[in-house]
Amino acid sequence: MKDILTIVERALDDEISSIQHFRGTLDPNIVKAIEMILASKGKVIVTGVGKSGDIAKKISHTLSSTGTSAYFLHPTDASHGDSGIVDADDVVIAIGKSGESDELNFILPTVRRIGAKIIGMTANSNSRLAELSDLTIITPVLKEACPLALAPTSSTTIALMLGDAIAMALMELKDFKANDFALYHPAGRLGKRLSLHISDVMRKDEKNAIISMNANLDQILKEITGKGLGAAGVVDESGKLIGLITDYDIRKALSSKKLTEEIKAVEMMNTKPSAFRPDDKAYDVLLKMEDRERPISVAPVVDENRKFIGMVSVHDLLQKGL
């Protein structure tokens, strides 16, 4: 029986050597292709058949999520009406290793008549695809990992890597920032970490635990237990935060025998609590609350004038999937 690990290692080595060969012989037209996309006033349409179609779909998604409007167009669908998605200002990236796919090449004359530019991505410089393209990027394949040299392996990997590289170049040249990425990924964990602010998750208004500086023990306990935060912000007459009382402060007063019915909030509060601003990133606040010698579970939120406007809890932040 053949050694399985040896087979796997050989397949990986074949793909790696092909990638290294491609990297060492990069087609200068890659630069022109990126410049063409940057100069375009339209979108990018990525198309291909079979495994190349799967790669084209992934490339279109990567472009879209990194600031370049892109769509996948299946050649068969295009030949039955979906070519209407293509505009004269668009750039079409057509992917095919051999460059001789009938389904793909059939739609390219229509794309040319519409007026869109075509970037061909192929290993065959003498192919029909190269002939129909305004610009061709040659993607030489040293060796497919398939022992029969039939299944697309190294060739699809190279096409995928080239598509990623083009997307990353466009991303950098367009000065696409982390906040832009978050805008396109609002539901994902990374998007939440980049886009979610404390103002989106803090307890505010009637859900906020707030007491006056002269509140007595009964009022303090009612506010802390009633709001379920285990803490309450202490404010002065103008609503500015002057301190924080937590369960810990109550236990400390109890153990030191200072806890009486007459005790005032101002007498037992922490006068220098960690506080955050509503526009702080929620994930950054979570890290700051946990990355302390003594982690905290709740913290007040104040505005630019230190008015107490809300409370944030680690529990609420974690529930958001940060």
# chains A, B, ... in the order shown; residues from 1 in each chain; ligands from 1
>>> select_by_dssp(residues="range 87-139 of chain A", states="helix (DSSP H, G or I)", output="number ranges by chain")
A: 102-114, 128-132
>>> write_last_selection(atoms="N, CA, C and O atoms", output="PDB file, in the first residue's frame")
ATOM      1  N   ASP A 102     -15.417  26.977 -24.310  1.00  0.00           N
ATOM      2  CA  ASP A 102     -16.415  27.511 -25.249  1.00  0.00           C
ATOM      3  C   ASP A 102     -17.438  28.393 -24.540  1.00  0.00           C
ATOM      4  O   ASP A 102     -17.822  29.457 -25.054  1.00  0.00           O
ATOM      5  N   GLU A 103     -17.898  27.937 -23.348  1.00  0.00           N
ATOM      6  CA  GLU A 103     -18.927  28.701 -22.628  1.00  0.00           C
ATOM      7  C   GLU A 103     -18.419  30.096 -22.261  1.00  0.00           C
ATOM      8  O   GLU A 103     -19.151  31.082 -22.380  1.00  0.00           O
ATOM      9  N   LEU A 104     -17.167  30.170 -21.818  1.00  0.00           N
ATOM     10  CA  LEU A 104     -16.602  31.450 -21.425  1.00  0.00           C
ATOM     11  C   LEU A 104     -16.348  32.332 -22.636  1.00  0.00           C
ATOM     12  O   LEU A 104     -16.746  33.510 -22.667  1.00  0.00           O
ATOM     13  N   ASN A 105     -15.680  31.791 -23.630  1.00  0.00           N
ATOM     14  CA  ASN A 105     -15.314  32.593 -24.804  1.00  0.00           C
ATOM     15  C   ASN A 105     -16.534  33.034 -25.609  1.00  0.00           C
ATOM     16  O   ASN A 105     -16.480  34.051 -26.317  1.00  0.00           O
ATOM     17  N   PHE A 106     -17.621  32.290 -25.491  1.00  0.00           N
ATOM     18  CA  PHE A 106     -18.836  32.631 -26.234  1.00  0.00           C
ATOM     19  C   PHE A 106     -19.399  33.985 -25.819  1.00  0.00           C
ATOM     20  O   PHE A 106     -19.952  34.725 -26.645  1.00  0.00           O
ATOM     21  N   ILE A 107     -19.264  34.335 -24.507  1.00  0.00           N
ATOM     22  CA  ILE A 107     -19.877  35.574 -24.023  1.00  0.00           C
ATOM     23  C   ILE A 107     -18.966  36.793 -24.181  1.00  0.00           C
ATOM     24  O   ILE A 107     -19.434  37.929 -24.095  1.00  0.00           O
ATOM     25  N   LEU A 108     -17.669  36.577 -24.404  1.00  0.00           N
ATOM     26  CA  LEU A 108     -16.740  37.702 -24.414  1.00  0.00           C
ATOM     27  C   LEU A 108     -16.957  38.687 -25.567  1.00  0.00           C
ATOM     28  O   LEU A 108     -16.818  39.903 -25.365  1.00  0.00           O
ATOM     29  N   PRO A 109     -17.311  38.226 -26.767  1.00  0.00           N
ATOM     30  CA  PRO A 109     -17.627  39.210 -27.824  1.00  0.00           C
ATOM     31  C   PRO A 109     -18.793  40.119 -27.436  1.00  0.00           C
ATOM     32  O   PRO A 109     -18.799  41.314 -27.767  1.00  0.00           O
ATOM     33  N   THR A 110     -19.777  39.571 -26.729  1.00  0.00           N
ATOM     34  CA  THR A 110     -20.903  40.387 -26.253  1.00  0.00           C
ATOM     35  C   THR A 110     -20.422  41.426 -25.254  1.00  0.00           C
ATOM     36  O   THR A 110     -20.825  42.596 -25.301  1.00  0.00           O
ATOM     37  N   VAL A 111     -19.532  41.010 -24.361  1.00  0.00           N
ATOM     38  CA  VAL A 111     -18.963  41.931 -23.375  1.00  0.00           C
ATOM     39  C   VAL A 111     -18.225  43.060 -24.077  1.00  0.00           C
ATOM     40  O   VAL A 111     -18.335  44.235 -23.693  1.00  0.00           O
ATOM     41  N   ARG A 112     -17.501  42.728 -25.128  1.00  0.00           N
ATOM     42  CA  ARG A 112     -16.759  43.752 -25.885  1.00  0.00           C
ATOM     43  C   ARG A 112     -17.717  44.725 -26.558  1.00  0.00           C
ATOM     44  O   ARG A 112     -17.478  45.932 -26.593  1.00  0.00           O
ATOM     45  N   ARG A 113     -18.822  44.193 -27.099  1.00  0.00           N
ATOM     46  CA  ARG A 113     -19.791  45.076 -27.763  1.00  0.00           C
ATOM     47  C   ARG A 113     -20.469  46.008 -26.760  1.00  0.00           C
ATOM     48  O   ARG A 113     -20.809  47.147 -27.080  1.00  0.00           O
ATOM     49  N   ILE A 114     -20.670  45.527 -25.549  1.00  0.00           N
ATOM     50  CA  ILE A 114     -21.238  46.381 -24.506  1.00  0.00           C
ATOM     51  C   ILE A 114     -20.295  47.536 -24.196  1.00  0.00           C
ATOM     52  O   ILE A 114     -20.727  48.644 -23.864  1.00  0.00           O
ATOM     53  N   ARG A 128      -7.800  31.451 -27.208  1.00  0.00           N
ATOM     54  CA  ARG A 128      -8.890  32.307 -27.670  1.00  0.00           C
ATOM     55  C   ARG A 128      -9.229  33.348 -26.612  1.00  0.00           C
ATOM     56  O   ARG A 128      -9.554  34.492 -26.943  1.00  0.00           O
ATOM     57  N   LEU A 129      -9.144  32.974 -25.334  1.00  0.00           N
ATOM     58  CA  LEU A 129      -9.398  33.915 -24.243  1.00  0.00           C
ATOM     59  C   LEU A 129      -8.417  35.079 -24.305  1.00  0.00           C
ATOM     60  O   LEU A 129      -8.817  36.249 -24.174  1.00  0.00           O
ATOM     61  N   ALA A 130      -7.157  34.778 -24.509  1.00  0.00           N
ATOM     62  CA  ALA A 130      -6.149  35.834 -24.604  1.00  0.00           C
ATOM     63  C   ALA A 130      -6.435  36.738 -25.797  1.00  0.00           C
ATOM     64  O   ALA A 130      -6.274  37.965 -25.729  1.00  0.00           O
ATOM     65  N   GLU A 131      -6.886  36.152 -26.885  1.00  0.00           N
ATOM     66  CA  GLU A 131      -7.188  36.913 -28.103  1.00  0.00           C
ATOM     67  C   GLU A 131      -8.366  37.859 -27.900  1.00  0.00           C
ATOM     68  O   GLU A 131      -8.374  38.983 -28.428  1.00  0.00           O
ATOM     69  N   LEU A 132      -9.347  37.437 -27.110  1.00  0.00           N
ATOM     70  CA  LEU A 132     -10.546  38.239 -26.901  1.00  0.00           C
ATOM     71  C   LEU A 132     -10.383  39.281 -25.782  1.00  0.00           C
ATOM     72  O   LEU A 132     -11.251  40.128 -25.612  1.00  0.00           O
TER      73      LEU A 132
END
>>> residues_around(residues="Arg292 in chain A", least_positions_apart="6", cutoff="12 Å", atoms="only C-alpha atoms", output="list of chain:residue names")
A:Ser274, A:Val285, A:Leu286
>>> write_last_selection(atoms="all heavy atoms", output="short mmCIF file (atom, residue, chain, number, x, y, z; two decimals), in the first residue's frame")
data_model
loop_
_atom_site.label_atom_id
_atom_site.label_comp_id
_atom_site.auth_asym_id
_atom_site.auth_seq_id
_atom_site.Cartn_x
_atom_site.Cartn_y
_atom_site.Cartn_z
N SER A 274 -13.11 53.69 36.92
CA SER A 274 -12.80 53.71 35.49
C SER A 274 -14.08 54.05 34.74
O SER A 274 -15.13 53.45 35.00
CB SER A 274 -12.27 52.35 35.04
OG SER A 274 -11.04 52.06 35.66
N VAL A 285 -13.00 48.40 25.06
CA VAL A 285 -13.44 48.55 26.44
C VAL A 285 -13.45 47.19 27.16
O VAL A 285 -13.02 47.08 28.31
CB VAL A 285 -14.84 49.20 26.51
CG1 VAL A 285 -15.42 49.12 27.92
CG2 VAL A 285 -14.75 50.65 26.04
N LEU A 286 -13.91 46.16 26.46
CA LEU A 286 -13.91 44.82 27.05
C LEU A 286 -12.51 44.41 27.47
O LEU A 286 -12.30 43.88 28.57
CB LEU A 286 -14.48 43.82 26.04
CG LEU A 286 -14.46 42.34 26.47
CD1 LEU A 286 -15.32 42.12 27.71
CD2 LEU A 286 -14.94 41.45 25.32
#
>>> residues_around(residues="Ile45 in chain A", least_positions_apart="5", cutoff="9 Å", atoms="only C-alpha atoms", output="count of residues only")
13
>>> residues_around(residues="Gln20 in chain A", least_positions_apart="6", cutoff="12 Å", atoms="only C-alpha atoms", output="count of residues only")
12
>>> closest_residue(among="A:Gln319, A:Ser255, A:Thr271, A:Thr136", to="Leu241 in chain A", atoms="only C-alpha atoms")
A:Thr271
>>> select_by_dssp(residues="range 234-294 of chain A", states="strand (DSSP E or B)", output="PDB file with N, CA, C and O atoms, in the first residue's frame")
ATOM      1  N   VAL A 234     -22.925  57.340  41.027  1.00  0.00           N
ATOM      2  CA  VAL A 234     -23.309  58.409  41.953  1.00  0.00           C
ATOM      3  C   VAL A 234     -23.091  59.748  41.255  1.00  0.00           C
ATOM      4  O   VAL A 234     -22.015  60.005  40.702  1.00  0.00           O
ATOM      5  N   VAL A 235     -24.115  60.602  41.262  1.00  0.00           N
ATOM      6  CA  VAL A 235     -24.033  61.879  40.557  1.00  0.00           C
ATOM      7  C   VAL A 235     -24.294  63.049  41.505  1.00  0.00           C
ATOM      8  O   VAL A 235     -24.928  62.894  42.561  1.00  0.00           O
ATOM      9  N   LYS A 240     -23.453  65.055  36.955  1.00  0.00           N
ATOM     10  CA  LYS A 240     -22.091  64.613  36.670  1.00  0.00           C
ATOM     11  C   LYS A 240     -21.718  63.440  37.567  1.00  0.00           C
ATOM     12  O   LYS A 240     -22.088  63.397  38.739  1.00  0.00           O
ATOM     13  N   LEU A 241     -20.972  62.531  37.015  1.00  0.00           N
ATOM     14  CA  LEU A 241     -20.535  61.372  37.775  1.00  0.00           C
ATOM     15  C   LEU A 241     -19.468  61.781  38.786  1.00  0.00           C
ATOM     16  O   LEU A 241     -18.467  62.402  38.427  1.00  0.00           O
ATOM     17  N   ILE A 242     -19.682  61.427  40.030  1.00  0.00           N
ATOM     18  CA  ILE A 242     -18.673  61.724  41.057  1.00  0.00           C
ATOM     19  C   ILE A 242     -18.172  60.443  41.742  1.00  0.00           C
ATOM     20  O   ILE A 242     -17.228  60.488  42.534  1.00  0.00           O
ATOM     21  N   GLY A 243     -18.812  59.308  41.432  1.00  0.00           N
ATOM     22  CA  GLY A 243     -18.364  58.070  42.048  1.00  0.00           C
ATOM     23  C   GLY A 243     -19.186  56.879  41.591  1.00  0.00           C
ATOM     24  O   GLY A 243     -20.130  57.005  40.819  1.00  0.00           O
ATOM     25  N   LEU A 244     -18.794  55.707  42.083  1.00  0.00           N
ATOM     26  CA  LEU A 244     -19.475  54.460  41.735  1.00  0.00           C
ATOM     27  C   LEU A 244     -19.567  53.596  42.987  1.00  0.00           C
ATOM     28  O   LEU A 244     -18.597  53.485  43.745  1.00  0.00           O
ATOM     29  N   ILE A 245     -20.730  53.007  43.203  1.00  0.00           N
ATOM     30  CA  ILE A 245     -20.903  52.062  44.294  1.00  0.00           C
ATOM     31  C   ILE A 245     -21.223  50.693  43.713  1.00  0.00           C
ATOM     32  O   ILE A 245     -22.138  50.557  42.893  1.00  0.00           O
ATOM     33  N   THR A 246     -20.465  49.690  44.129  1.00  0.00           N
ATOM     34  CA  THR A 246     -20.683  48.321  43.678  1.00  0.00           C
ATOM     35  C   THR A 246     -20.990  47.422  44.863  1.00  0.00           C
ATOM     36  O   THR A 246     -20.908  47.844  46.031  1.00  0.00           O
ATOM     37  N   ASN A 270     -16.693  54.707  45.420  1.00  0.00           N
ATOM     38  CA  ASN A 270     -15.351  54.797  44.846  1.00  0.00           C
ATOM     39  C   ASN A 270     -15.305  56.113  44.073  1.00  0.00           C
ATOM     40  O   ASN A 270     -16.056  56.299  43.113  1.00  0.00           O
ATOM     41  N   PHE A 276     -15.820  55.269  30.761  1.00  0.00           N
ATOM     42  CA  PHE A 276     -15.593  55.249  29.319  1.00  0.00           C
ATOM     43  C   PHE A 276     -16.524  56.234  28.624  1.00  0.00           C
ATOM     44  O   PHE A 276     -17.483  56.731  29.211  1.00  0.00           O
ATOM     45  N   LYS A 281     -14.704  52.075  21.293  1.00  0.00           N
ATOM     46  CA  LYS A 281     -15.016  50.778  20.682  1.00  0.00           C
ATOM     47  C   LYS A 281     -15.329  49.766  21.784  1.00  0.00           C
ATOM     48  O   LYS A 281     -14.609  49.646  22.768  1.00  0.00           O
TER      49      LYS A 281
END
>>> closest_residue(among="A:Leu194, A:Ile118, A:Ala232, A:Ala253", to="Pro273 in chain A", atoms="only C-alpha atoms")
A:Ala232
>>> residues_around(residues="Gly48 in chain A", least_positions_apart="6", cutoff="7 Å", atoms="only C-alpha atoms", output="ChimeraX atom specification")
/A:56,74-75,94-96,104
>>> residues_around(residues="Leu170 in chain A", least_positions_apart="4", cutoff="9 Å", atoms="only C-alpha atoms", output="ChimeraX atom specification")
/A:34-35,37-38,63,66-68,165-166,174-176
>>> closest_residue(among="A:Lys257, A:Arg193, A:Arg23, A:Lys204", to="Ala282 in chain A", atoms="only C-alpha atoms")
A:Arg193
>>> closest_residue(among="A:Asp89, A:Asp236, A:Asp134, A:Glu9", to="Ala265 in chain A", atoms="only C-alpha atoms")
A:Asp236
>>> closest_residue(among="A:Ser17, A:Ser64, A:Asn305, A:Ser212", to="Asp180 in chain A", atoms="only C-alpha atoms")
A:Ser64
>>> decode(residues="range 144-234 of chain A", atoms="C-alpha atoms", output="compact mmCIF listing (two decimals), in the first residue's frame")
# COMPACT_ATOMS: atom_id res chain seq x y z
CA GLU A 144 -0.64 20.28 -11.39
CA ALA A 145 -0.74 18.33 -8.13
CA CYS A 146 -3.01 15.79 -9.79
CA PRO A 147 -0.97 12.65 -10.67
CA LEU A 148 -2.88 12.48 -13.97
CA ALA A 149 -2.28 16.19 -14.63
CA LEU A 150 -6.00 16.52 -15.26
CA ALA A 151 -7.73 17.91 -12.14
CA PRO A 152 -7.19 21.66 -11.70
CA THR A 153 -5.09 22.01 -8.54
CA SER A 154 -2.00 24.18 -8.79
CA SER A 155 -3.68 26.23 -11.52
CA THR A 156 -6.72 27.10 -9.39
CA THR A 157 -4.52 27.86 -6.39
CA ILE A 158 -2.47 30.29 -8.48
CA ALA A 159 -5.59 31.97 -9.86
CA LEU A 160 -7.01 32.31 -6.36
CA MET A 161 -3.78 33.79 -5.00
CA LEU A 162 -3.56 36.24 -7.89
CA GLY A 163 -7.15 37.33 -7.29
CA ASP A 164 -6.40 37.84 -3.60
CA ALA A 165 -3.25 39.82 -4.44
CA ILE A 166 -5.19 42.08 -6.82
CA ALA A 167 -7.86 42.67 -4.16
CA MET A 168 -5.23 43.48 -1.53
CA ALA A 169 -3.46 45.90 -3.88
CA LEU A 170 -6.74 47.68 -4.65
CA MET A 171 -7.57 47.75 -0.95
CA GLU A 172 -4.29 49.46 -0.11
CA LEU A 173 -4.33 51.83 -3.06
CA LYS A 174 -7.87 52.92 -2.16
CA ASP A 175 -6.79 53.45 1.45
CA PHE A 176 -9.43 51.01 2.65
CA LYS A 177 -9.41 51.09 6.47
CA ALA A 178 -10.50 48.78 9.27
CA ASN A 179 -13.67 50.83 9.81
CA ASP A 180 -14.54 50.41 6.13
CA PHE A 181 -14.07 46.66 6.48
CA ALA A 182 -16.33 46.64 9.52
CA LEU A 183 -19.02 48.49 7.58
CA TYR A 184 -19.17 45.60 5.08
CA HIS A 185 -19.04 42.92 7.81
CA PRO A 186 -21.50 44.09 10.48
CA ALA A 187 -22.61 40.61 11.57
CA GLY A 188 -19.24 38.90 11.86
CA ARG A 189 -17.14 38.87 15.01
CA LEU A 190 -14.45 41.01 13.41
CA GLY A 191 -17.05 43.48 12.17
CA LYS A 192 -18.54 43.76 15.65
CA ARG A 193 -15.15 44.33 17.18
CA LEU A 194 -14.42 47.11 14.72
CA SER A 195 -17.82 48.79 14.48
CA LEU A 196 -19.65 48.29 17.78
CA HIS A 197 -19.38 51.25 20.14
CA ILE A 198 -20.20 51.50 23.82
CA SER A 199 -23.23 53.65 22.96
CA ASP A 200 -24.63 50.58 21.15
CA VAL A 201 -24.48 48.29 24.20
CA MET A 202 -24.60 50.44 27.34
CA ARG A 203 -27.51 50.44 29.79
CA LYS A 204 -29.08 53.88 29.55
CA ASP A 205 -32.15 55.91 30.49
CA GLU A 206 -34.47 53.88 32.74
CA LYS A 207 -32.12 50.85 32.58
CA ASN A 208 -29.21 52.83 33.96
CA ALA A 209 -28.47 52.50 37.70
CA ILE A 210 -28.12 56.03 39.05
CA ILE A 211 -28.28 57.50 42.57
CA SER A 212 -27.72 60.92 44.10
CA MET A 213 -24.75 61.63 46.34
CA ASN A 214 -27.08 61.84 49.35
CA ALA A 215 -28.95 58.60 48.67
CA ASN A 216 -29.36 56.44 51.80
CA LEU A 217 -28.72 52.71 52.10
CA ASP A 218 -32.28 51.73 51.22
CA GLN A 219 -32.19 53.81 48.02
CA ILE A 220 -28.75 52.46 47.10
CA LEU A 221 -29.78 48.82 47.52
CA LYS A 222 -33.04 49.29 45.61
CA GLU A 223 -31.24 50.86 42.63
CA ILE A 224 -28.42 48.32 42.54
CA THR A 225 -30.66 45.26 42.84
CA GLY A 226 -33.48 46.67 40.74
CA LYS A 227 -31.29 47.40 37.71
CA GLY A 228 -29.45 44.09 38.02
CA LEU A 229 -26.00 45.55 37.41
CA GLY A 230 -24.46 45.09 40.82
CA ALA A 231 -23.46 48.74 40.77
CA ALA A 232 -24.81 52.28 40.58
CA GLY A 233 -23.31 55.55 39.46
CA VAL A 234 -23.31 58.41 41.95
